[in-house]
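Chemist: Pasting a structure here, questions to come.
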Amino acid sequence: MVLSFRLAAMGLLAFASAQEKMIVTFLNELPDETVELYWMVHDNGGGRHKAGTVPPRGGFTNIETVSGHEFSYDAGGVRHYIKATEKNHEHGQILIVGGMETIAVRCELGHDESGEASEGGKSKLSSMFARGSGDDGDAAKQSLEMLIKPYWSPMGASRFLELVRAGYYDGVALNRVVPGFLMQFGISKDVDLRRRYQGATIADDDAAEGRDSIRRTLGQSASIFKPGFLSFAGSGADSRTTEIFVVMPDTPQAQLDYFGTNSWETPFGYLSGPSDLDLLSKIKAYGDMPPWGEGPESSRIYQDDGYEYLAENFPELDYISKCYVVDEQTELAGDEL
């Protein structure tokens, strides 16, 4: 048995030597399961060989492999199989999600914690926060409930989850709000995080695969974008970094059809709360950024004093106070529950 497994391993190595090798990053998006990753051997009696250990919550390991090489891992008592493909030469990333179709993220809306950016704010949303609850007393109305769909946009989904876990969106301004179009955010209040990620671009996802996955979920005739859908903003091919847009309610069908024509616009999730679309309409809308409107200028927010600029010039702006992966949130004890 040992001899046959060694022969199988030698055969795999010989196969690998004849192909172009690549480094693939395996990312574990499971909330609490450490994954033991194996490469599979199908010749000379078969078997599997341990390839690496991948911790949860965005943990990763890099493995040298070739196209067609199959891996497996156990999650929730079920063995899953994944293959490296030629596309990994470009993207170099495979998500480990087990049987999860969605990952829930909550973004709580509120004032800037320092009080600077929201002082004097009188938007509909700010008034809700001043009362301490929604119009019907339901505090959940102050949160945007997001369902992240890893199979729609693997690179986009994993980057968004990485940023959420890093606290990148905690305190972030909802700086571009245009009714009937989009709401955009993603320039961190934390200057160090802002600098770290500003030039950290990710590759575009495969748009065709994303469309197929969305249509399998929503129906063959469904538009790719709908109100409440989430996507990264960008400025060209492979330009995505941190800025996200959410499609607003009452966006015209022509605009919905236009979203996604740029290579970087692939939905990675959507708002799932029953009142989320209504909540979007209460967020302060200063309008589009220059030169299309008189809202905050994105390039100015990226400067070190960007949030002082917002506080001085856009005092009614609304903010996200905190974002987190719901299944990973540590519950507070005692009176803080």
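As shown in the structure tokens, the chain order sets the letters A, B, ...; within each chain, residues go from 1, and ligands are also counted from 1 in the order they appear.
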Residues within 8 Å of Trp39 (chain A), please, as a list of chain:residue names. Count only C-alpha atoms; anything in the same chain fewer than 3 positions from it doesn't count.
Modeler: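 Near Trp39 (chain A), the qualifying residues are A:Arg48, A:His49, A:Lys50, A:Ala51, A:His69, A:Glu70, A:Phe71, A:Ser72.
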Chemist: Taking the chain letters and numbering used in this document, name the residues of region 215-299 of chain A that DSSP puts in strand (DSSP E or B), as a list in words.
Modeler: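 Filtering region 215-299 of chain A to strand (DSSP E or B) leaves Phe229, Leu230, Ser231, Phe232, Arg240, Ile244, Phe245, Val246, Val247, Gly269, Tyr270, Leu271 and Gly287 of chain A.
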Chemist: Write out as an NGL selection string which residues come within 9 Å of Leu147 (chain A) when counting only C-alpha atoms, dropping same-chain ones fewer than 6 positions away.
Modeler: :A and (102-106 or 268-272)
Chemist: Region 76-317 of chain A: which residues are helix (DSSP H, G or I) by DSSP, as JSON, numbers by chain?
Modeler: {"A": [88, 89, 90, 91, 124, 125, 126, 127, 128, 129, 130, 131, 139, 140, 141, 142, 154, 155, 156, 157, 158, 159, 160, 161, 162, 163, 164, 165, 166, 191, 192, 193, 194, 195, 196, 197, 198, 207, 208, 209, 210, 211, 212, 213, 214, 215, 216, 217, 218, 253, 254, 255, 256, 257, 258, 276, 277, 278, 279, 280, 298, 299, 300, 301, 306, 307, 308, 309, 310, 311, 312, 313]}
Chemist: Pick out the residues sitting within 12 Å of Trp292 (chain A), and hand them over as JSON, numbers by chain; count only C-alpha atoms, and ignore anything fewer than 5 positions along from it in its own chain.
Modeler: {"A": [176, 178, 286, 287, 297]}
Chemist: Find the spatial neighbours of Pro267 (chain A), counting only C-alpha atoms, within a cut-off of 8 Å - ignore same-chain residues fewer than 6 positions away - and output them as a ChimeraX atom specification.
Modeler: /A:152-153,210,224-225,229-232
Chemist: Please, what distance in Å, to one decimal, runs between CA of Glu265 (chain A) and CA of Ser299 (chain A)?
Modeler: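 Those two atoms sit 20.5 Å apart.
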Chemist: Hey, can you check how far CA of Val172 (chain A) sits from CA of Asp250 (chain A)?
Modeler: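 Between CA of Val172 (chain A) and CA of Asp250 (chain A) the gap works out to 24.7 Å.
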Chemist: Nearest residue to Pro227 (chain A) out of A:Met289, A:Leu279, A:Val247, A:Ala208, using only C-alpha atoms?
Modeler: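 Counting only C-alpha atoms, the residue closest to Pro227 (chain A) is A:Val247.
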Chemist: Need to verify the contact set: region 21-38 of chain A, 9 Å, only C-alpha atoms, exclusion of same-chain residues closer than 6 positions in sequence. Can you return it as a count of residues only?
Modeler: 45
Chemist: By how many Å are CA of Val177 (chain A) and CA of Val246 (chain A) apart?
Modeler: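 So the answer is 9.4 Å.
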Chemist: Neighbours of Thr241 (chain A) within 12 Å (only C-alpha atoms; same-chain residues fewer than 2 positions away dropped), as a ChimeraX atom specification?
Modeler: /A:155-160,162-163,168,185-188,193-204,231-239,243-244,264
